[in-house]
Structure formats: structure tokens, C-alpha cells
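Source file: model32.cif; contents: mmCIF, C-alpha atoms (C1' of nucleotides).
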```cif
data_work
#
loop_
_atom_site.label_atom_id
_atom_site.label_comp_id
_atom_site.auth_asym_id
_atom_site.auth_seq_id
_atom_site.Cartn_x
_atom_site.Cartn_y
_atom_site.Cartn_z
CA MET A 1 7.50 49.06 -17.29
CA THR A 2 8.21 45.51 -18.29
CA SER A 3 10.81 44.73 -15.69
CA ALA A 4 9.25 46.55 -12.76
CA VAL A 5 7.66 44.65 -9.91
CA ARG A 6 3.95 44.84 -10.38
CA ARG A 7 1.54 44.63 -7.50
CA SER A 8 -0.10 41.66 -9.18
CA ASP A 9 3.01 39.51 -9.14
CA ALA A 10 2.00 38.03 -5.80
CA THR A 11 -1.36 37.03 -7.28
CA ARG A 12 0.29 35.51 -10.31
CA ALA A 13 2.52 33.44 -8.06
CA ALA A 14 -0.38 32.35 -5.87
CA ILE A 15 -2.30 31.18 -8.92
CA LEU A 16 0.70 29.24 -10.19
CA ALA A 17 1.27 27.56 -6.83
CA ALA A 18 -2.38 26.60 -6.50
CA ALA A 19 -2.42 25.34 -10.07
CA ARG A 20 0.58 23.11 -9.51
CA GLU A 21 -1.01 21.65 -6.41
CA ARG A 22 -4.32 20.94 -8.12
CA PHE A 23 -2.77 19.55 -11.28
CA ALA A 24 -0.56 17.32 -9.14
CA SER A 25 -3.37 15.88 -7.06
CA ASP A 26 -6.22 15.85 -9.58
CA GLY A 27 -4.71 15.70 -13.07
CA TYR A 28 -5.50 18.03 -15.92
CA GLU A 29 -9.25 17.66 -16.45
CA ARG A 30 -10.32 17.35 -12.82
CA ALA A 31 -8.28 20.38 -11.79
CA THR A 32 -10.79 23.16 -12.46
CA ILE A 33 -10.03 26.82 -12.91
CA ARG A 34 -12.59 27.56 -10.24
CA ALA A 35 -10.91 25.30 -7.69
CA ILE A 36 -7.49 26.75 -8.47
CA ALA A 37 -8.84 30.28 -8.13
CA ALA A 38 -10.50 29.41 -4.84
CA ASP A 39 -7.21 28.05 -3.48
CA ALA A 40 -5.46 31.25 -4.54
CA ARG A 41 -8.33 33.29 -3.02
CA ILE A 42 -9.15 35.20 -6.16
CA ASP A 43 -11.82 35.21 -8.80
CA PRO A 44 -11.66 32.64 -11.62
CA SER A 45 -11.65 35.41 -14.17
CA MET A 46 -8.30 36.58 -12.88
CA VAL A 47 -6.77 33.29 -13.88
CA MET A 48 -7.95 33.91 -17.41
CA ARG A 49 -6.64 37.46 -17.47
CA TYR A 50 -3.18 36.49 -16.28
CA TYR A 51 -2.76 33.19 -18.10
CA GLY A 52 -5.10 33.35 -21.08
CA ASN A 53 -6.68 29.94 -20.79
CA LYS A 54 -6.39 26.62 -19.01
CA GLU A 55 -3.92 25.16 -21.48
CA LYS A 56 -1.51 28.07 -21.08
CA LEU A 57 -1.92 27.96 -17.31
CA PHE A 58 -0.89 24.34 -17.35
CA ALA A 59 2.04 25.08 -19.62
CA ALA A 60 3.22 27.72 -17.15
CA ALA A 61 2.67 25.44 -14.17
CA ALA A 62 4.49 22.55 -15.82
CA GLU A 63 7.66 24.48 -16.52
CA PHE A 64 10.32 22.32 -15.01
CA ASP A 65 14.05 21.78 -14.79
CA LEU A 66 15.28 18.35 -13.73
CA GLN A 67 18.58 19.96 -12.65
CA LEU A 68 20.45 16.83 -13.63
CA PRO A 69 24.06 16.79 -12.46
CA ASP A 70 26.87 16.93 -14.95
CA ALA A 71 27.85 13.41 -15.98
CA ALA A 72 31.50 14.49 -16.03
CA GLY A 73 31.51 15.22 -12.32
CA ILE A 74 30.54 11.70 -11.25
CA PRO A 75 32.59 8.48 -11.40
CA ARG A 76 31.25 6.42 -14.27
CA ASP A 77 30.32 3.44 -12.10
CA GLU A 78 28.38 5.50 -9.56
CA LEU A 79 26.23 7.26 -12.12
CA GLY A 80 23.25 4.91 -11.72
CA ALA A 81 22.98 5.30 -7.98
CA ALA A 82 23.57 9.05 -8.14
CA LEU A 83 20.90 9.51 -10.78
CA ALA A 84 18.38 7.38 -8.90
CA ARG A 85 18.92 9.38 -5.73
CA HIS A 86 18.75 12.67 -7.60
CA PHE A 87 15.49 11.76 -9.33
CA LEU A 88 13.77 10.68 -6.14
CA HIS A 89 14.91 13.75 -4.30
CA ARG A 90 13.83 16.04 -7.08
CA TRP A 91 10.46 14.34 -7.22
CA GLU A 92 9.83 14.70 -3.53
CA SER A 93 10.86 18.32 -3.31
CA ASP A 94 8.77 19.63 -6.19
CA GLU A 95 5.24 18.57 -6.97
CA THR A 96 5.53 19.89 -10.52
CA LEU A 97 6.82 16.52 -11.69
CA THR A 98 3.85 14.69 -10.21
CA ALA A 99 1.53 17.21 -11.83
CA LEU A 100 3.22 16.61 -15.16
CA LEU A 101 3.07 12.84 -14.80
CA ARG A 102 -0.59 12.74 -13.75
CA ALA A 103 -1.62 15.12 -16.48
CA ALA A 104 0.45 13.39 -19.14
CA ALA A 105 -1.65 10.25 -18.77
CA THR A 106 -4.71 11.91 -20.26
CA ASN A 107 -3.55 15.19 -21.79
CA GLU A 108 -1.62 15.16 -25.04
CA ALA A 109 0.03 18.53 -24.45
CA ALA A 110 1.34 17.30 -21.11
CA ALA A 111 2.63 14.12 -22.74
CA GLU A 112 4.41 16.23 -25.34
CA ARG A 113 5.96 18.30 -22.56
CA MET A 114 7.15 15.09 -20.94
CA ARG A 115 8.76 14.00 -24.21
CA GLU A 116 10.46 17.38 -24.53
CA LEU A 117 11.79 17.09 -20.99
CA PHE A 118 13.11 13.66 -21.89
CA GLY A 119 14.78 14.84 -25.08
CA ALA A 120 16.23 18.06 -23.71
CA GLN A 121 17.45 16.92 -20.32
CA LEU A 122 17.80 13.16 -19.93
CA LEU A 123 18.98 12.36 -23.44
CA PRO A 124 22.08 14.60 -23.33
CA LEU A 125 23.18 13.02 -20.08
CA ALA A 126 22.77 9.54 -21.55
CA THR A 127 24.68 10.57 -24.62
CA ALA A 128 27.57 11.71 -22.48
CA ALA A 129 27.50 8.65 -20.25
CA CYS A 130 26.95 5.66 -22.51
CA PRO A 131 29.64 3.93 -24.55
CA ASP A 132 28.15 4.33 -28.04
CA PRO A 133 26.25 7.61 -28.57
CA ALA A 134 24.27 5.92 -31.33
CA ASP A 135 22.12 3.98 -28.90
CA ALA A 136 21.87 6.77 -26.35
CA PRO A 137 18.17 7.36 -27.12
CA ARG A 138 17.26 3.78 -26.36
CA ARG A 139 19.30 3.77 -23.18
CA ALA A 140 17.76 7.05 -22.07
CA GLY A 141 14.32 5.62 -22.81
CA LEU A 142 15.00 2.64 -20.60
CA VAL A 143 16.22 4.88 -17.79
CA ALA A 144 13.02 6.90 -18.16
CA SER A 145 10.91 3.76 -18.03
CA GLN A 146 12.41 2.77 -14.70
CA MET A 147 12.40 6.20 -13.08
CA LEU A 148 8.92 7.15 -14.27
CA GLY A 149 7.63 3.72 -13.30
CA LEU A 150 9.02 4.13 -9.82
CA ALA A 151 7.46 7.58 -9.51
CA LEU A 152 4.17 6.25 -10.83
CA CYS A 153 4.02 3.45 -8.27
CA ARG A 154 5.22 5.63 -5.42
CA PHE A 155 3.47 8.97 -5.94
CA VAL A 156 0.48 8.25 -8.17
CA LEU A 157 -0.70 4.67 -7.69
CA ARG A 158 0.70 4.56 -4.16
CA LEU A 159 1.50 0.86 -4.14
CA PRO A 160 2.00 0.21 -0.41
CA PRO A 161 5.35 -1.62 -0.59
CA VAL A 162 6.78 1.04 -2.89
CA VAL A 163 5.55 3.83 -0.65
CA ALA A 164 6.96 2.09 2.39
CA MET A 165 10.53 2.12 1.09
CA THR A 166 12.75 5.02 2.07
CA ALA A 167 14.16 7.04 -0.80
CA ASP A 168 17.59 5.56 -0.09
CA GLU A 169 16.31 1.99 -0.14
CA ALA A 170 14.53 2.62 -3.42
CA ALA A 171 17.62 4.24 -4.90
CA ALA A 172 19.76 1.32 -3.77
CA TRP A 173 17.52 -1.13 -5.60
CA VAL A 174 16.99 0.94 -8.72
CA GLY A 175 20.51 2.36 -9.00
CA PRO A 176 22.10 -0.76 -10.52
CA THR A 177 19.29 -0.93 -13.06
CA ILE A 178 19.94 2.62 -14.23
CA GLN A 179 23.64 1.90 -14.26
CA ARG A 180 23.18 -1.12 -16.50
CA TYR A 181 20.85 0.73 -18.87
CA LEU A 182 23.41 3.50 -19.24
CA THR A 183 26.71 1.71 -19.42
CA SER A 184 26.36 -2.05 -19.97
CA ALA A 185 27.34 -3.74 -23.20
CA THR A 186 24.38 -3.76 -25.57
CA SER A 187 21.85 -6.45 -24.82
CA SER A 188 19.98 -8.60 -27.37
CA MET B 189 -34.29 -16.56 -17.01
CA THR B 190 -31.00 -15.63 -15.50
CA SER B 191 -28.76 -17.94 -17.47
CA ALA B 192 -30.48 -17.67 -20.83
CA VAL B 193 -28.94 -15.76 -23.68
CA ARG B 194 -30.73 -12.46 -23.91
CA ARG B 195 -31.04 -10.56 -27.10
CA SER B 196 -29.37 -7.57 -25.46
CA ASP B 197 -26.15 -9.42 -24.75
CA ALA B 198 -24.71 -8.21 -28.03
CA THR B 199 -25.47 -4.62 -27.06
CA ARG B 200 -23.93 -5.13 -23.64
CA ALA B 201 -20.79 -6.47 -25.26
CA ALA B 202 -20.66 -3.62 -27.77
CA ILE B 203 -20.90 -1.09 -24.97
CA LEU B 204 -18.14 -2.81 -23.03
CA ALA B 205 -15.85 -2.95 -26.05
CA ALA B 206 -16.45 0.70 -26.88
CA ALA B 207 -15.90 1.64 -23.24
CA ARG B 208 -12.57 -0.15 -23.07
CA GLU B 209 -11.44 1.60 -26.22
CA ARG B 210 -12.45 5.04 -25.00
CA PHE B 211 -11.07 4.57 -21.51
CA ALA B 212 -7.81 3.33 -23.02
CA SER B 213 -7.35 6.25 -25.35
CA ASP B 214 -8.90 9.08 -23.32
CA GLY B 215 -8.71 8.13 -19.65
CA TYR B 216 -11.59 8.13 -17.22
CA GLU B 217 -12.87 11.72 -17.28
CA ARG B 218 -12.47 12.45 -20.98
CA ALA B 219 -14.16 9.21 -21.97
CA THR B 220 -17.79 10.33 -22.01
CA ILE B 221 -20.85 8.11 -21.83
CA ARG B 222 -22.11 9.83 -24.95
CA ALA B 223 -19.00 9.02 -26.94
CA ILE B 224 -19.00 5.42 -25.79
CA ALA B 225 -22.68 5.08 -26.70
CA ALA B 226 -22.04 6.61 -30.12
CA ASP B 227 -19.24 4.11 -30.76
CA ALA B 228 -21.56 1.28 -29.81
CA ARG B 229 -24.31 2.79 -31.97
CA ILE B 230 -26.89 3.02 -29.22
CA ASP B 231 -28.43 5.70 -27.05
CA PRO B 232 -26.52 6.95 -24.01
CA SER B 233 -29.44 6.01 -21.77
CA MET B 234 -28.86 2.34 -22.62
CA VAL B 235 -25.45 2.51 -21.04
CA MET B 236 -27.08 3.65 -17.84
CA ARG B 237 -29.72 0.94 -17.92
CA TYR B 238 -27.22 -1.84 -18.44
CA TYR B 239 -24.39 -0.63 -16.23
CA GLY B 240 -26.01 1.69 -13.70
CA ASN B 241 -23.55 4.57 -13.88
CA LYS B 242 -20.16 5.56 -15.24
CA GLU B 243 -18.25 4.21 -12.26
CA LYS B 244 -19.78 0.77 -12.58
CA LEU B 245 -19.24 0.79 -16.32
CA PHE B 246 -15.58 1.44 -15.75
CA ALA B 247 -15.42 -1.28 -13.12
CA ALA B 248 -16.88 -3.72 -15.62
CA ALA B 249 -14.57 -2.54 -18.41
CA ALA B 250 -11.49 -2.76 -16.19
CA GLU B 251 -12.03 -6.37 -15.19
CA PHE B 252 -8.75 -7.98 -16.02
CA ASP B 253 -6.70 -11.12 -15.60
CA LEU B 254 -2.94 -10.85 -16.11
CA GLN B 255 -2.82 -14.61 -16.81
CA LEU B 256 0.61 -14.82 -15.25
CA PRO B 257 2.33 -18.15 -15.84
CA ASP B 258 2.98 -20.49 -12.95
CA ALA B 259 6.38 -19.74 -11.44
CA ALA B 260 6.94 -23.46 -10.91
CA GLY B 261 6.87 -24.17 -14.64
CA ILE B 262 9.78 -21.89 -15.50
CA PRO B 263 13.48 -22.31 -14.72
CA ARG B 264 14.32 -19.92 -11.92
CA ASP B 265 16.93 -18.03 -13.88
CA GLU B 266 14.69 -17.43 -16.88
CA LEU B 267 11.82 -16.00 -14.88
CA GLY B 268 12.75 -12.37 -15.50
CA ALA B 269 12.88 -12.66 -19.27
CA ALA B 270 9.73 -14.79 -19.38
CA LEU B 271 7.82 -12.34 -17.24
CA ALA B 272 8.95 -9.35 -19.28
CA ARG B 273 7.88 -11.00 -22.52
CA HIS B 274 4.57 -12.09 -21.02
CA PHE B 275 3.76 -8.61 -19.75
CA LEU B 276 4.53 -6.92 -23.03
CA HIS B 277 2.52 -9.45 -24.98
CA ARG B 278 -0.41 -9.21 -22.64
CA TRP B 279 -0.29 -5.45 -22.88
CA GLU B 280 -0.32 -5.40 -26.63
CA SER B 281 -3.10 -7.92 -27.04
CA ASP B 282 -5.60 -6.32 -24.66
CA GLU B 283 -6.20 -2.61 -24.35
CA THR B 284 -7.85 -3.08 -20.95
CA LEU B 285 -4.48 -2.67 -19.27
CA THR B 286 -3.84 0.64 -21.01
CA ALA B 287 -7.32 1.79 -20.04
CA LEU B 288 -6.61 0.86 -16.44
CA LEU B 289 -3.23 2.60 -16.44
CA ARG B 290 -4.49 5.82 -18.04
CA ALA B 291 -7.49 5.99 -15.75
CA ALA B 292 -5.49 5.15 -12.64
CA ALA B 293 -3.49 8.34 -13.01
CA THR B 294 -6.49 10.53 -12.20
CA ASN B 295 -9.20 8.23 -10.85
CA GLU B 296 -8.89 6.83 -7.35
CA ALA B 297 -11.13 3.82 -8.02
CA ALA B 298 -8.94 2.86 -10.96
CA ALA B 299 -5.83 3.23 -8.83
CA GLU B 300 -7.39 0.98 -6.21
CA ARG B 301 -8.14 -1.56 -8.91
CA MET B 302 -4.52 -1.42 -9.96
CA ARG B 303 -3.39 -2.08 -6.40
CA GLU B 304 -5.77 -5.04 -6.16
CA LEU B 305 -4.39 -6.45 -9.38
CA PHE B 306 -0.92 -6.05 -7.96
CA GLY B 307 -1.77 -7.75 -4.67
CA ALA B 308 -3.83 -10.56 -6.11
CA GLN B 309 -1.77 -11.50 -9.13
CA LEU B 310 1.80 -10.23 -9.08
CA LEU B 311 2.46 -10.61 -5.37
CA PRO B 312 1.77 -14.37 -5.22
CA LEU B 313 4.15 -14.97 -8.08
CA ALA B 314 6.86 -12.95 -6.37
CA THR B 315 6.27 -14.81 -3.13
CA ALA B 316 6.79 -18.11 -4.91
CA ALA B 317 9.83 -16.93 -6.81
CA CYS B 318 11.93 -14.93 -4.37
CA PRO B 319 14.29 -16.39 -1.78
CA ASP B 320 12.77 -14.89 1.36
CA PRO B 321 8.95 -14.53 1.25
CA ALA B 322 9.21 -11.77 3.81
CA ASP B 323 10.42 -9.24 1.29
CA ALA B 324 8.23 -10.46 -1.54
CA PRO B 325 6.02 -7.32 -1.40
CA ARG B 326 8.99 -5.05 -1.94
CA ARG B 327 10.34 -7.18 -4.75
CA ALA B 328 6.92 -7.34 -6.41
CA GLY B 329 6.66 -3.57 -6.07
CA LEU B 330 9.97 -3.10 -7.85
CA VAL B 331 8.89 -5.43 -10.63
CA ALA B 332 5.70 -3.42 -10.97
CA SER B 333 7.65 -0.16 -11.12
CA GLN B 334 9.70 -1.40 -14.07
CA MET B 335 6.88 -3.05 -15.99
CA LEU B 336 4.39 -0.24 -15.47
CA GLY B 337 7.07 2.30 -16.28
CA LEU B 338 7.83 0.55 -19.53
CA ALA B 339 4.13 0.42 -20.41
CA LEU B 340 3.78 4.08 -19.51
CA CYS B 341 6.61 5.17 -21.77
CA ARG B 342 5.60 2.84 -24.60
CA PHE B 343 1.80 3.04 -24.68
CA VAL B 344 0.85 6.24 -22.89
CA LEU B 345 3.65 8.80 -23.20
CA ARG B 346 4.86 7.25 -26.43
CA LEU B 347 8.52 8.13 -25.96
CA PRO B 348 9.89 7.60 -29.48
CA PRO B 349 12.92 5.41 -28.59
CA VAL B 350 10.75 3.20 -26.37
CA VAL B 351 8.09 2.87 -29.03
CA ALA B 352 10.73 2.06 -31.64
CA MET B 353 11.98 -1.01 -29.83
CA THR B 354 10.44 -4.35 -30.71
CA ALA B 355 8.78 -6.22 -27.87
CA ASP B 356 11.64 -8.72 -27.88
CA GLU B 357 14.30 -6.01 -27.68
CA ALA B 358 12.49 -4.37 -24.79
CA ALA B 359 12.09 -7.70 -23.02
CA ALA B 360 15.77 -8.46 -23.50
CA TRP B 361 16.73 -5.19 -21.81
CA VAL B 362 14.18 -5.32 -19.03
CA GLY B 363 14.33 -9.06 -18.35
CA PRO B 364 17.55 -8.99 -16.30
CA THR B 365 16.12 -6.15 -14.22
CA ILE B 366 13.02 -8.16 -13.33
CA GLN B 367 15.22 -11.16 -12.65
CA ARG B 368 17.37 -9.21 -10.22
CA TYR B 369 14.38 -7.68 -8.43
CA LEU B 370 12.90 -11.13 -7.94
CA THR B 371 15.86 -13.31 -7.06
CA SER B 372 18.99 -11.31 -6.21
CA ALA B 373 20.40 -11.12 -2.74
CA THR B 374 18.85 -8.23 -0.87
CA SER B 375 20.30 -4.88 -1.76
CA SER B 376 21.08 -2.00 0.63
"C1'" DC C 377 -7.10 67.10 -6.84
"C1'" DT C 378 -7.82 64.91 -11.48
"C1'" DG C 379 -7.40 61.61 -14.88
"C1'" DT C 380 -5.51 57.02 -15.99
"C1'" DC C 381 -4.49 52.56 -15.55
"C1'" DA C 382 -4.11 48.27 -12.94
"C1'" DT C 383 -6.52 45.01 -10.07
"C1'" DG C 384 -10.39 42.52 -8.65
"C1'" DC C 385 -15.30 40.73 -8.49
"C1'" DC C 386 -19.89 39.73 -10.29
"C1'" DA C 387 -23.00 37.91 -13.47
"C1'" DA C 388 -23.70 35.66 -17.29
"C1'" DC C 389 -22.70 33.07 -21.66
"C1'" DA C 390 -22.65 28.71 -24.29
"C1'" DC C 391 -21.60 24.21 -23.81
"C1'" DT C 392 -20.86 19.56 -22.01
"C1'" DT C 393 -21.48 16.33 -18.47
"C1'" DG C 394 -23.94 12.25 -16.04
"C1'" DT C 395 -28.35 10.91 -15.35
"C1'" DT C 396 -33.64 10.22 -15.45
"C1'" DG C 397 -38.50 9.22 -17.00
"C1'" DG C 398 -41.61 8.34 -20.39
"C1'" DC C 399 -43.04 6.42 -24.74
"C1'" DA C 400 -42.90 3.57 -29.06
"C1'" DA C 401 -41.88 -0.62 -31.23
"C1'" DA C 402 -40.33 -5.14 -31.25
"C1'" DA C 403 -40.00 -9.77 -29.22
"C1'" DC C 404 -41.74 -13.24 -26.61
"C1'" DC C 405 -45.17 -16.32 -24.11
"C1'" DG C 406 -49.68 -18.18 -23.38
"C1'" DC D 407 -54.62 -13.71 -31.28
"C1'" DG D 408 -53.79 -10.73 -26.61
"C1'" DG D 409 -50.82 -9.41 -22.88
"C1'" DT D 410 -46.27 -8.80 -20.93
"C1'" DT D 411 -41.61 -7.96 -21.05
"C1'" DT D 412 -37.65 -6.42 -23.29
"C1'" DT D 413 -35.08 -3.19 -26.08
"C1'" DG D 414 -34.41 1.16 -27.72
"C1'" DC D 415 -34.80 6.32 -28.45
"C1'" DC D 416 -36.13 11.05 -27.36
"C1'" DA D 417 -36.26 15.00 -24.58
"C1'" DA D 418 -35.08 17.01 -20.69
"C1'" DC D 419 -32.91 18.04 -16.21
"C1'" DA D 420 -29.50 19.90 -12.87
"C1'" DA D 421 -24.92 20.59 -12.22
"C1'" DG D 422 -20.48 21.97 -13.55
"C1'" DT D 423 -17.17 23.51 -17.20
"C1'" DG D 424 -14.09 27.21 -19.53
"C1'" DT D 425 -14.56 31.70 -20.81
"C1'" DT D 426 -16.14 36.70 -21.46
"C1'" DG D 427 -17.51 41.61 -20.66
"C1'" DG D 428 -18.67 45.14 -17.70
"C1'" DC D 429 -18.32 47.62 -13.44
"C1'" DA D 430 -16.34 48.97 -9.19
"C1'" DT D 431 -12.38 50.13 -6.32
"C1'" DG D 432 -7.88 51.16 -5.46
"C1'" DA D 433 -3.13 52.91 -6.70
"C1'" DC D 434 -0.58 56.21 -8.84
"C1'" DA D 435 1.33 59.97 -12.10
"C1'" DG D 436 0.64 64.81 -13.44
#
```
Starting from the file, give its structure as C-alpha cells.
Amino acid sequence: MTSAVRRSDATRAAILAAARERFASDGYERATIRAIAADARIDPSMVMRYYGNKEKLFAAAAEFDLQLPDAAGIPRDELGAALARHFLHRWESDETLTALLRAAATNEAAAERMRELFGAQLLPLATAACPDPADAPRRAGLVASQMLGLALCRFVLRLPPVVAMTADEAAAWVGPTIQRYLTSATSS
Amino acid sequence: MTSAVRRSDATRAAILAAARERFASDGYERATIRAIAADARIDPSMVMRYYGNKEKLFAAAAEFDLQLPDAAGIPRDELGAALARHFLHRWESDETLTALLRAAATNEAAAERMRELFGAQLLPLATAACPDPADAPRRAGLVASQMLGLALCRFVLRLPPVVAMTADEAAAWVGPTIQRYLTSATSS
DNA sequence: CTGTCATGCCAACACTTGTTGGCAAAACCG
DNA sequence: CGGTTTTGCCAACAAGTGTTGGCATGACAG
């Protein structure tokens, strides 16, 4: 009966949703199993039964797909702006990324997950987009620094001027930066 | 006897140094008073006597001066590169900034401190450097997003390609970005 | 209906946390 | 020297943590 719909699937989903919310707003250590369980209106022990322990719960809650567009489908000189817009949109529509970012600051497993996400999703796109595949990692790292920095200031630190910008304004400013990191002639 | 050198000043300093180290490597919640006290080779209760409570200890440990150069002393078109280099150097020579960044991800007081730092130190420089003072906050916010993002990837998440770069390489890449955020014609 | 398994809650565990009060020794001042 | 203040440690507290095992209730197959 592995593929059947169990009655507990709703509970599992409620736990996962509550976990994402707590991890996103409180980070890994301050998000307690008890608080998550209370949000999902079940007993804390259920969380343990369905997810084993807190670490595994986080791993399940931090599962994430950036859904990056295919580099081939976008004109080379619009890639920066398109990526910037996509990132911001993705960030605003799914709190998983904020959860991951907040947790990654203090939790090594979350940081490792962030590095995996970088290597598995952003790096391939950079490799396809940049002139010399040999320095794709560095270029992807720079793109990450700008996009994660923007998310940090906007969703975590909440710097007023960064929060005040619309997503389109922010993308318009940051787009050329991403573009340069991806496709410019090598600096230095 | 307020201005005299007390015998306990060495202990106070040891506590503060240990606190900065722990906050920098563990973040606010995982850095325990007990661990800090152990590092400083004293009893946990001493931390309380000298700093009141954990919050105040963090406030004392997170005191920080960016020591930004005067915008007037630097040619306008070299400001971006100079700032990038300065930031990276400052970051590497004092772990207080890493402590502040790690803690700010999950601790509201630390985030507030980060915003103060932004408003009191980076904003004035941007106001002096950018063409129209009216959009200085936005420009300063963008600068912060890039510099904090770089620090996040390099010192907290430890993305391999970002760690592998030398400080000068990183500054060479990021410099033009900062420059554009500060002095370019308004985007969008 | 009967037996079986899934679902949920309760109570408790071992442990860690920040924090407090009291007590000994050392340092200092007259 | 005597008296006071400073510096430090010890033991303990109350609260909160992740985690566990047992017991009820419901659903469901035969």
C-alpha cells in the first residue's frame, strides 16, 4: 500500500507547511517542534513519527526547486534581467527559500543544502550562458552573491529602502549586474 | 573610581573576545553563555555580572565601526573599487561583522543593529557620493545588498568558488557594481 | 462482529538553556 | 593590622528543548 492515499497525508502536509513557515520566520534553532506542531494542530510526537527528527523535518521542508528557465530560450543580452526577475518572483511566491536562507546562517546542514542548490541549479545555467565554461563557477558564485544579498536585505534584514522598491525596480537595478557577471569579458 | 583601571578589565575583555568568536561561528542562539565563559576560562555567572544578560552581552560584542573612508578623498570613479576592497578587508580583519551577520539572520535585535549600521555609516557616504541625494537610500541599499551578499557567500555559506577568489579578485569583480549603484544615471 | 493496524494524545525522560544567590578568597584602603 | 570591596566559583533554579513509549480511539478488512 505504498502508493495509496493514506488518511494521514493531510497531517503530513500540514506539518510540512507549518514547518516551512516557522523555519522561514524564526530560523532553525528558534523554530521548535512544539510550535510547529501547535500550528499544524497536532501533537509534537506526531512530527517525530512522520519525520523522524528535527533535522529530517528541516530537510523535507527545505526541498526546493529554483525552476530556473532554460538559458537557450532567452536572448543572451536579456539573461541578467530575466534571471533577476525570476529570482525575485520565486522568492516572493515561496517562503521555502527564506527558510533556507535564514537557517543556513546558523545551521551547517542548511548551508550545505544551499551549496547543493547552487551547484545543481545555478551552476549549470551559468555554464551554458558564459563565454568560457572554465570560469563558470566563479561567475555563478558572483551571481549568487548578488541575488542572495538582495534577498537577505529585502526579506531577512528588511532594510527599508530595499523593502520599499518594487520587484521590477529591484530587478532593473540588479539585472545589469547579473548580466555582467555572466557574460562580460573576464575582469582583473 | 570610574575611570581607574580595574583588575577585572582583563576578564571583561576576555569575555568580549570569546563572545565575538562564538557569535561569529555559531550565531546568536547556538552561542551559549556557558561556552563563551568556558572559552574565557571563567564561570558563566561572571558573564552575567559584567554584562547583565545575553542580549546586552551581544550588544556589547556587536559594537562596530565600519571605518569607511571619506568619500571626498577618493576620485569619484574609483569609489566602487575602493569601497569593495575596504569592505572585504574590514570583514577579514574583524570577526565582529560576521558575528553580526550570522546573528542578524535569526535575531531581531541583531537585525536592527545591522539597519542602524547601514543608516549611520553607509547612507552618509552614499549621500555624499551619488548625483541626486534624494535616491541615496536606494543606492546605499543596493550597495549593501551586493556587499552583504558577497560576505554571506564567502564567510557564512562558504560557497567554494567565492571562497576561492582572492580578496583582490573579488573586489575587481564587485567594484564596478558598487560604482554603478552609487553613481550611474538612475535605472528603470 | 472481530481482530488488526493506523492515527493521535498524554506524560514523561534526559538534557540544555539563561539566570540567581550565597560563600570563599584575594585585593585594596585606612 | 582590621574592615571593605572586588573577583571568582559553586550549586541550584525554572523554563524550555528534542525525543520516547504507552495507551486510547477510530478506521477498516475478514
Exercise. Got a sec: who's within 12 Å of DG427 (chain D), counting all atoms listed in the file, leaving out chain neighbours fewer than 6 positions off, as a PyMOL selection string?
Worked result: (chain A and resi 45) or (chain C and resi 386-389)
Dump of C-alpha atoms (C1' of nucleotides) for the selected residues, as a PDB file, in the coordinates of the input:
```pdb
ATOM      1  CA  SER A  45     -11.650  35.410 -14.170  1.00  0.00           C
TER       2      SER A  45
ATOM      3  C1'  DC C 386     -19.890  39.730 -10.290  1.00  0.00           C
ATOM      4  C1'  DA C 387     -23.000  37.910 -13.470  1.00  0.00           C
ATOM      5  C1'  DA C 388     -23.700  35.660 -17.290  1.00  0.00           C
ATOM      6  C1'  DC C 389     -22.700  33.070 -21.660  1.00  0.00           C
TER       7       DC C 389
END
```
Show me which bits of chain B are within 9 Å of chain C, counting only C-alpha atoms (C1' of nucleotides), as a PDB file with C-alpha atoms, in the frame of the given file.
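Result file follows (iface_19.pdb):
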```pdb
ATOM      1  CA  THR B 220     -17.790  10.330 -22.010  1.00  0.00           C
ATOM      2  CA  ILE B 221     -20.850   8.110 -21.830  1.00  0.00           C
ATOM      3  CA  SER B 233     -29.440   6.010 -21.770  1.00  0.00           C
ATOM      4  CA  MET B 236     -27.080   3.650 -17.840  1.00  0.00           C
ATOM      5  CA  ASN B 241     -23.550   4.570 -13.880  1.00  0.00           C
ATOM      6  CA  LYS B 242     -20.160   5.560 -15.240  1.00  0.00           C
TER       7      LYS B 242
END
```
Between chain D and chain B, at 9 Å or less, what are the per-residue closest atom pairs and their distances in Å? Count all atoms listed in the file, order by chain and rising residue number, and return it as JSON lines.
```
{"residue": "D:DT412", "atom": "C1'", "partner": "B:Ser196", "partner_atom": "CA", "distance": 8.6}
{"residue": "D:DT413", "atom": "C1'", "partner": "B:Ser196", "partner_atom": "CA", "distance": 7.2}
{"residue": "D:DG414", "atom": "C1'", "partner": "B:Asp231", "partner_atom": "CA", "distance": 7.5}
{"residue": "D:DC415", "atom": "C1'", "partner": "B:Asp231", "partner_atom": "CA", "distance": 6.6}
```
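Taking CA of Arg85 (chain A) and CA of Pro69 (chain A) as endpoints, the distance between them is 11.3 Å.
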Exercise. With all atoms listed in the file as the atoms that count, which of B:Ala219, B:Leu256, B:Leu336, B:Leu370 lies nearest to Pro321 (chain B)?
Worked result: B:Leu370
For this session: I need the residue set behind the PyMOL selection byres ((chain B) within 8 of (chain A)) for this file; please write it as a VMD selection string.
Result: chain B and resid 214 to 215 217 to 218 290 to 294 299 to 300 302 to 303 325 to 326 329 to 330 332 to 341 344 to 345 347 349 to 350 353 357 360 to 361 365 369 375 to 376
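You will find CA of Ala61 (chain A) at 7.2 Å from CA of Thr96 (chain A).
What separates CA of Ala17 (chain A) from CA of Phe64 (chain A) is a distance of 13.3 Å.
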Exercise. Care to translate the PyMOL selection byres ((chain A and resi 80) around 7) into actual residues of this file, as a ChimeraX atom specification?
Worked result: /A:78-79,81-84,175-176,178-179
Padded axis-aligned box of region 409-412 of chain D (5 Å per side), centre and edge lengths, Å, one decimal, as lines of an AutoDock Vina configuration file:
```
center_x = -44.2
center_y = -7.9
center_z = -22.1
size_x = 23.2
size_y = 13.0
size_z = 12.4
```
